[in-house]
Structure formats: structure tokens, C-alpha cells
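Asks: Structure provided below as C-alpha cells; questions to follow.
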Amino acid sequence: MNPTLVLAAHGSRDPRFGVTARRVRDAVAAALPEVEVVLSYLDLNEPFVGDVLERVGDADADPVVVPLLLSAGYHHKVDLPAIIAAHRPFAHQTEVVGTRSLAAALADRLHEAGLDDRDGVILAAVGSSDAAADLHVRRRAIELSTRLHRPVEVVFATRLGSDARVLAGAVRRLRAAGAGRIALSPYFLSAGLLVERVETALDSMVEGTLVAGPLGAHPDLVDGICCLYRTATRRAAVTTSGR
């Protein structure tokens, strides 16, 4: 029996997040037809991760929990392990899906929106109190810059600064590098208020900005989830056989 795959999404009051998360779940289920794929949430939406862990799988096949998160911050390091320990101690937690390079997916979303050679790119992410999580986002920006052959600036939606001065600094640097137009690349799973906060601030500074769509159920994200699941099941099989 294949272990159940539990997708652990953050959750949001914005209904668009739930719609997107369900699309991701459906795409993963289609890619892994022999596996039960269940969507759960850490906060704000139901079903909660702990409730799902208590009812899925069986004693011989503990579930694999794949965090549907783009950076490895508090939720990955503290919150989710505590939930697993309390509700299903032998479940297997993988790395966050954002450990996979999603630069190609980000580039695809930009090209779908109409990116051209004169555009400078701002990668917008949530921002974390965990410096390692923010560094993770900056690595994605470097990968995107390499793929697009142009500078990519990072801004964190939760830390734009007074009068969005951090965002303004990013725009100035892109202009100085020769950008004729500013393109916004959301490093987010779904559309939502944080993306719109950055977009609104950007619109107040420059005209004619290009805004790409969020990652959504991009094939690279779905493939990343599947790879994390397969790696975890192989490791679990080795551990079980060694008992």
C-alpha cells in the first residue's frame, strides 16, 4: 500500500488561496494515481493538518507530509513538526516544496504575462523572521536572474518599509541597470492580499508595470511535490526494512 500524501498548506482568509490549493492537490493526485492525496492546512482553513493525520493511512503505512510552502521558516521547522508529534509521530515530513528550484516556473509565468527584453524584474515574496528562509528566497531570485539574463530584485511584502522605500530602492536599481519597464514576479502559490499590496505600491511609483501570475498548479511545482513524496517513501521503506 502506498502511503497517503498529505499536502500541508499554510491557509489564508482569501478564498482564492483555497481554490488554488485544491487545484494543486488535484494536479498531484492526477500525477500520482496510485496514491491518496489529501489537502490540509496549518491555519485559517480546514481541514487542519492534525485532524487529517489522525484519520488517514493505517498503522503499516504512515503518511508522508509535504509542506506546500515556498521557504523553510517557522512553520516548517517548528509548527508542523509539533503537529506531527502530537497527532501522528511516525509520519514522514519532507522538505518544503520551495527547496526545489522553481525558476523555470517563475519565468514561465512572466513570459505568459508578456515579459520582454527591456523589463526589469522584482521577485516578491512573503518575508520571514527566519533569516535562512529569506536567504532561500534570494537564491530563487539568483536562479531566475540567471535564467532570464537580467537583474532580479527581491522585495518582501511584509517588509516594504515606510512609504514602500524598500520597493522604491529596488525600482531605482533596476532603472539604473537599464530597465524600461518593471515586471512583478510573485513568489506565491496563489493570488492574495500580500501580492496586491506590492502591486498597489508599485503602481503608485511607476506606470505600465507588468504583473505575472502566481505559481499556482504549475507542472514544476507539481513535479517537485511528487519528487519529495517519492524520496520520502523510498527512505521510509529502507528504514522499515532495517528494523
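FYI, nothing fancy with the C-alpha cells labels: chains A, B, ... in order, residues from 1 per chain, ligands from 1 as they appear.
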Within 8 Å of stretch 123-130 of chain A, counting only C-alpha atoms, which residues show up once you throw out same-chain ones fewer than 2 positions away? Write them as a list of chain:residue names, please.

Replies: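 So the residues in contact are A:Gly73, A:Tyr74, A:Val121, A:Ala132, A:Ala133, A:Asp134, A:Val137, A:Ala141, A:Val152, A:Glu153, A:Val154, A:Val155, A:Phe156, A:Ala157, A:Thr158, A:Arg159, A:Leu184, A:Ser185, A:Pro186, A:Tyr187, A:Phe188, A:Leu194, A:Val195, A:Val198.
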
Asks: Report, in Å to a single decimal, how far apart atom CA of A:Arg150 and atom CA of A:Ile225 are.

Replies: 28.5 Å

Asks: So, with only C-alpha atoms as the atoms that count, which of A:Ala201, A:Leu189, A:Leu53, A:Ala113 lies closest to A:Ser162?

Replies: A:Ala201

Asks: In Å, rounded to a single decimal, give me how far atom CA of A:Arg109 is from atom CA of A:Val65.

Replies: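 Taking atom CA of A:Val65 as the start and atom CA of A:Arg109 as the end point, the length is 27.1 Å.
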
Asks: Give the alpha helix (DSSP H) residues of stretch 55-175 of chain A, as assigned by DSSP on the backbone, as a PyMOL selection string.

Replies: chain A and resi 55+74+80-87+103-113+131-148+165-175

Asks: Give me, as a list in words, all polymer residues having an atom no more than 9 Å from A:Arg147, counting only C-alpha atoms and skipping those fewer than 3 positions away in the same chain.

Replies: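 Everything that qualifies: Ala103, Ala104, Ala107, Ile142, Glu143, Leu144 and Arg150 of chain A.
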
Asks: Calculated over only C-alpha atoms, which of the candidates A:Pro219, A:Gly180, A:Pro3, A:Gly11 has the smallest distance to A:His92?

Replies: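 Of the candidates, the smallest distance to A:His92 is held by A:Pro3.
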
Asks: Please return, as a PDB file with C-alpha atoms, in the first residue's frame, all residues of stretch 140-174 of chain A that DSSP assigns to strand (DSSP E or B) on the basis of the backbone.

Replies:
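Saved file out_32.pdb follows:
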ATOM      1  CA  VAL A 152      16.203  40.388 -10.371  1.00  0.00           C
ATOM      2  CA  GLU A 153      15.492  42.376  -7.215  1.00  0.00           C
ATOM      3  CA  VAL A 154      13.846  40.817  -4.146  1.00  0.00           C
ATOM      4  CA  VAL A 155      11.234  42.559  -2.020  1.00  0.00           C
ATOM      5  CA  PHE A 156       9.318  41.084   0.889  1.00  0.00           C
TER       6      PHE A 156
END

Asks: Can you tell me which residues surround A:Val37 at a distance of at most 10 Å, considering only C-alpha atoms, apart from same-chain residues fewer than 4 positions away, and format the answer as a PDB file with all heavy atoms, in the first residue's frame?

Replies:
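Result file is out08.pdb:
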ATOM      1  N   PRO A   3       1.854   4.978   0.877  1.00  0.00           N
ATOM      2  CA  PRO A   3       1.488   5.918   1.946  1.00  0.00           C
ATOM      3  C   PRO A   3       0.655   7.077   1.399  1.00  0.00           C
ATOM      4  O   PRO A   3       0.841   7.516   0.254  1.00  0.00           O
ATOM      5  CB  PRO A   3       2.846   6.416   2.459  1.00  0.00           C
ATOM      6  CG  PRO A   3       3.839   5.408   2.007  1.00  0.00           C
ATOM      7  CD  PRO A   3       3.314   4.853   0.719  1.00  0.00           C
ATOM      8  N   THR A   4      -0.242   7.558   2.208  1.00  0.00           N
ATOM      9  CA  THR A   4      -1.018   8.751   1.846  1.00  0.00           C
ATOM     10  C   THR A   4      -0.098   9.965   1.783  1.00  0.00           C
ATOM     11  O   THR A   4       0.808  10.109   2.604  1.00  0.00           O
ATOM     12  CB  THR A   4      -2.128   8.998   2.880  1.00  0.00           C
ATOM     13  OG1 THR A   4      -2.997   7.878   2.910  1.00  0.00           O
ATOM     14  CG2 THR A   4      -2.932  10.255   2.553  1.00  0.00           C
ATOM     15  N   LEU A   5      -0.322  10.818   0.817  1.00  0.00           N
ATOM     16  CA  LEU A   5       0.407  12.078   0.715  1.00  0.00           C
ATOM     17  C   LEU A   5      -0.486  13.172   1.296  1.00  0.00           C
ATOM     18  O   LEU A   5      -1.579  13.435   0.783  1.00  0.00           O
ATOM     19  CB  LEU A   5       0.745  12.388  -0.749  1.00  0.00           C
ATOM     20  CG  LEU A   5       1.757  13.503  -1.046  1.00  0.00           C
ATOM     21  CD1 LEU A   5       2.170  13.459  -2.528  1.00  0.00           C
ATOM     22  CD2 LEU A   5       1.231  14.885  -0.724  1.00  0.00           C
ATOM     23  N   VAL A   6      -0.001  13.780   2.352  1.00  0.00           N
ATOM     24  CA  VAL A   6      -0.732  14.885   2.981  1.00  0.00           C
ATOM     25  C   VAL A   6      -0.050  16.196   2.594  1.00  0.00           C
ATOM     26  O   VAL A   6       1.094  16.444   2.992  1.00  0.00           O
ATOM     27  CB  VAL A   6      -0.771  14.740   4.516  1.00  0.00           C
ATOM     28  CG1 VAL A   6      -1.473  15.946   5.148  1.00  0.00           C
ATOM     29  CG2 VAL A   6      -1.486  13.451   4.904  1.00  0.00           C
ATOM     30  N   LEU A   7      -0.737  16.996   1.825  1.00  0.00           N
ATOM     31  CA  LEU A   7      -0.232  18.328   1.493  1.00  0.00           C
ATOM     32  C   LEU A   7      -0.579  19.268   2.645  1.00  0.00           C
ATOM     33  O   LEU A   7      -1.749  19.391   3.013  1.00  0.00           O
ATOM     34  CB  LEU A   7      -0.874  18.847   0.207  1.00  0.00           C
ATOM     35  CG  LEU A   7      -0.322  18.327  -1.114  1.00  0.00           C
ATOM     36  CD1 LEU A   7      -1.176  18.855  -2.264  1.00  0.00           C
ATOM     37  CD2 LEU A   7       1.125  18.733  -1.312  1.00  0.00           C
ATOM     38  N   ARG A  25      -3.686  20.177  -5.355  1.00  0.00           N
ATOM     39  CA  ARG A  25      -3.987  18.812  -4.886  1.00  0.00           C
ATOM     40  C   ARG A  25      -4.476  17.935  -6.022  1.00  0.00           C
ATOM     41  O   ARG A  25      -4.044  16.774  -6.179  1.00  0.00           O
ATOM     42  CB  ARG A  25      -5.035  18.849  -3.777  1.00  0.00           C
ATOM     43  CG  ARG A  25      -5.212  17.497  -3.059  1.00  0.00           C
ATOM     44  CD  ARG A  25      -6.679  17.167  -2.797  1.00  0.00           C
ATOM     45  NE  ARG A  25      -7.382  16.812  -4.018  1.00  0.00           N
ATOM     46  CZ  ARG A  25      -7.447  15.558  -4.493  1.00  0.00           C
ATOM     47  NH1 ARG A  25      -6.855  14.561  -3.860  1.00  0.00           N
ATOM     48  NH2 ARG A  25      -8.114  15.295  -5.610  1.00  0.00           N
ATOM     49  N   ASP A  26      -5.390  18.462  -6.831  1.00  0.00           N
ATOM     50  CA  ASP A  26      -5.941  17.686  -7.940  1.00  0.00           C
ATOM     51  C   ASP A  26      -4.858  17.331  -8.962  1.00  0.00           C
ATOM     52  O   ASP A  26      -4.851  16.215  -9.505  1.00  0.00           O
ATOM     53  CB  ASP A  26      -7.055  18.469  -8.628  1.00  0.00           C
ATOM     54  CG  ASP A  26      -8.296  18.619  -7.753  1.00  0.00           C
ATOM     55  OD1 ASP A  26      -8.379  17.920  -6.714  1.00  0.00           O
ATOM     56  OD2 ASP A  26      -9.161  19.451  -8.092  1.00  0.00           O
ATOM     57  N   ALA A  27      -3.949  18.268  -9.220  1.00  0.00           N
ATOM     58  CA  ALA A  27      -2.870  18.003 -10.181  1.00  0.00           C
ATOM     59  C   ALA A  27      -1.910  16.947  -9.652  1.00  0.00           C
ATOM     60  O   ALA A  27      -1.426  16.092 -10.412  1.00  0.00           O
ATOM     61  CB  ALA A  27      -2.119  19.302 -10.493  1.00  0.00           C
ATOM     62  N   VAL A  28      -1.614  16.995  -8.356  1.00  0.00           N
ATOM     63  CA  VAL A  28      -0.738  15.982  -7.758  1.00  0.00           C
ATOM     64  C   VAL A  28      -1.419  14.620  -7.783  1.00  0.00           C
ATOM     65  O   VAL A  28      -0.792  13.596  -8.081  1.00  0.00           O
ATOM     66  CB  VAL A  28      -0.358  16.380  -6.315  1.00  0.00           C
ATOM     67  CG1 VAL A  28       0.416  15.254  -5.624  1.00  0.00           C
ATOM     68  CG2 VAL A  28       0.469  17.659  -6.324  1.00  0.00           C
ATOM     69  N   ALA A  29      -2.711  14.576  -7.476  1.00  0.00           N
ATOM     70  CA  ALA A  29      -3.446  13.316  -7.500  1.00  0.00           C
ATOM     71  C   ALA A  29      -3.456  12.714  -8.900  1.00  0.00           C
ATOM     72  O   ALA A  29      -3.347  11.488  -9.062  1.00  0.00           O
ATOM     73  CB  ALA A  29      -4.877  13.540  -7.004  1.00  0.00           C
ATOM     74  N   ALA A  30      -3.553  13.561  -9.924  1.00  0.00           N
ATOM     75  CA  ALA A  30      -3.526  13.066 -11.302  1.00  0.00           C
ATOM     76  C   ALA A  30      -2.144  12.522 -11.663  1.00  0.00           C
ATOM     77  O   ALA A  30      -2.026  11.553 -12.426  1.00  0.00           O
ATOM     78  CB  ALA A  30      -3.925  14.176 -12.265  1.00  0.00           C
ATOM     79  N   LEU A  32      -0.051  11.178  -9.486  1.00  0.00           N
ATOM     80  CA  LEU A  32       0.208  10.001  -8.646  1.00  0.00           C
ATOM     81  C   LEU A  32      -1.102   9.225  -8.476  1.00  0.00           C
ATOM     82  O   LEU A  32      -1.700   9.205  -7.394  1.00  0.00           O
ATOM     83  CB  LEU A  32       0.751  10.421  -7.278  1.00  0.00           C
ATOM     84  CG  LEU A  32       2.087  11.160  -7.240  1.00  0.00           C
ATOM     85  CD1 LEU A  32       2.370  11.685  -5.832  1.00  0.00           C
ATOM     86  CD2 LEU A  32       3.220  10.251  -7.709  1.00  0.00           C
ATOM     87  N   PRO A  33      -1.576   8.581  -9.536  1.00  0.00           N
ATOM     88  CA  PRO A  33      -2.911   7.962  -9.483  1.00  0.00           C
ATOM     89  C   PRO A  33      -3.040   6.822  -8.473  1.00  0.00           C
ATOM     90  O   PRO A  33      -4.155   6.475  -8.083  1.00  0.00           O
ATOM     91  CB  PRO A  33      -3.109   7.457 -10.914  1.00  0.00           C
ATOM     92  CG  PRO A  33      -1.737   7.339 -11.491  1.00  0.00           C
ATOM     93  CD  PRO A  33      -0.940   8.427 -10.848  1.00  0.00           C
ATOM     94  N   VAL A  56      -6.039   9.501   8.288  1.00  0.00           N
ATOM     95  CA  VAL A  56      -5.609   8.924   7.012  1.00  0.00           C
ATOM     96  C   VAL A  56      -4.616   7.790   7.217  1.00  0.00           C
ATOM     97  O   VAL A  56      -3.967   7.689   8.264  1.00  0.00           O
ATOM     98  CB  VAL A  56      -4.963   9.988   6.099  1.00  0.00           C
ATOM     99  CG1 VAL A  56      -5.931  11.097   5.792  1.00  0.00           C
ATOM    100  CG2 VAL A  56      -3.666  10.528   6.710  1.00  0.00           C
ATOM    101  N   PRO A  63       1.610   8.305   6.829  1.00  0.00           N
ATOM    102  CA  PRO A  63       1.561   9.247   5.716  1.00  0.00           C
ATOM    103  C   PRO A  63       2.845  10.030   5.538  1.00  0.00           C
ATOM    104  O   PRO A  63       3.670  10.143   6.441  1.00  0.00           O
ATOM    105  CB  PRO A  63       0.403  10.178   6.089  1.00  0.00           C
ATOM    106  CG  PRO A  63       0.301  10.078   7.576  1.00  0.00           C
ATOM    107  CD  PRO A  63       0.690   8.683   7.920  1.00  0.00           C
ATOM    108  N   VAL A  64       2.991  10.563   4.341  1.00  0.00           N
ATOM    109  CA  VAL A  64       4.080  11.478   4.004  1.00  0.00           C
ATOM    110  C   VAL A  64       3.498  12.883   3.954  1.00  0.00           C
ATOM    111  O   VAL A  64       2.530  13.131   3.229  1.00  0.00           O
ATOM    112  CB  VAL A  64       4.726  11.122   2.654  1.00  0.00           C
ATOM    113  CG1 VAL A  64       5.737  12.195   2.239  1.00  0.00           C
ATOM    114  CG2 VAL A  64       5.398   9.753   2.731  1.00  0.00           C
TER     115      VAL A  64
END

Asks: So how far away is atom CA of A:Asp223 from atom CA of A:Gly18, in Å?

Replies: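 Separation of atom CA of A:Gly18 and atom CA of A:Asp223: 20.0 Å.
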
Asks: Fewer than 2 positions away in the same chain doesn't count, so skip those; otherwise give me all residues within 9 Å of A:Val206, counting only C-alpha atoms, as a PyMOL selection string.

Replies: chain A and resi 171+181-182+202-204+208-209

Asks: For the residues in the current selection, export N, CA and C atoms as a PDB file, in the first residue's frame.

Replies:
ATOM      1  N   VAL A 171      13.242  49.482  -7.482  1.00  0.00           N
ATOM      2  CA  VAL A 171      12.907  50.092  -8.782  1.00  0.00           C
ATOM      3  C   VAL A 171      14.058  50.955  -9.282  1.00  0.00           C
ATOM      4  N   ARG A 181      10.825  48.927 -18.290  1.00  0.00           N
ATOM      5  CA  ARG A 181       9.553  48.607 -17.645  1.00  0.00           C
ATOM      6  C   ARG A 181       9.848  47.691 -16.458  1.00  0.00           C
ATOM      7  N   ILE A 182       8.994  47.760 -15.440  1.00  0.00           N
ATOM      8  CA  ILE A 182       9.169  46.932 -14.252  1.00  0.00           C
ATOM      9  C   ILE A 182       8.155  45.788 -14.284  1.00  0.00           C
ATOM     10  N   LEU A 202       3.676  49.430  -6.168  1.00  0.00           N
ATOM     11  CA  LEU A 202       4.444  49.579  -7.400  1.00  0.00           C
ATOM     12  C   LEU A 202       3.719  50.489  -8.391  1.00  0.00           C
ATOM     13  N   ASP A 203       2.410  50.336  -8.489  1.00  0.00           N
ATOM     14  CA  ASP A 203       1.626  51.166  -9.402  1.00  0.00           C
ATOM     15  C   ASP A 203       1.682  52.640  -9.022  1.00  0.00           C
ATOM     16  N   SER A 204       1.885  52.926  -7.724  1.00  0.00           N
ATOM     17  CA  SER A 204       1.963  54.313  -7.293  1.00  0.00           C
ATOM     18  C   SER A 204       3.308  54.959  -7.648  1.00  0.00           C
ATOM     19  N   GLY A 208       2.582  51.439 -16.106  1.00  0.00           N
ATOM     20  CA  GLY A 208       2.714  50.363 -17.083  1.00  0.00           C
ATOM     21  C   GLY A 208       3.442  49.136 -16.591  1.00  0.00           C
ATOM     22  N   THR A 209       3.312  48.821 -15.308  1.00  0.00           N
ATOM     23  CA  THR A 209       4.011  47.642 -14.797  1.00  0.00           C
ATOM     24  C   THR A 209       3.393  46.357 -15.356  1.00  0.00           C
TER      25      THR A 209
END

Asks: Near A:Asp51, within 10 Å and counting only C-alpha atoms, which residues show up once chain neighbours fewer than 4 positions away are dropped, as a count of residues only?

Replies: 9

Asks: So that I can check the surroundings of A:Ala191, please list as a list in words every protein, DNA and RNA residue that reaches within 10 Å of it, counting only C-alpha atoms and ignoring chain neighbours fewer than 6 positions away.

Replies: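 Contacts, with the query itself left out: Asp14, Pro15, Arg16, Phe17, Thr20, Gly213, Pro214, Leu215 and Gly216 of chain A.
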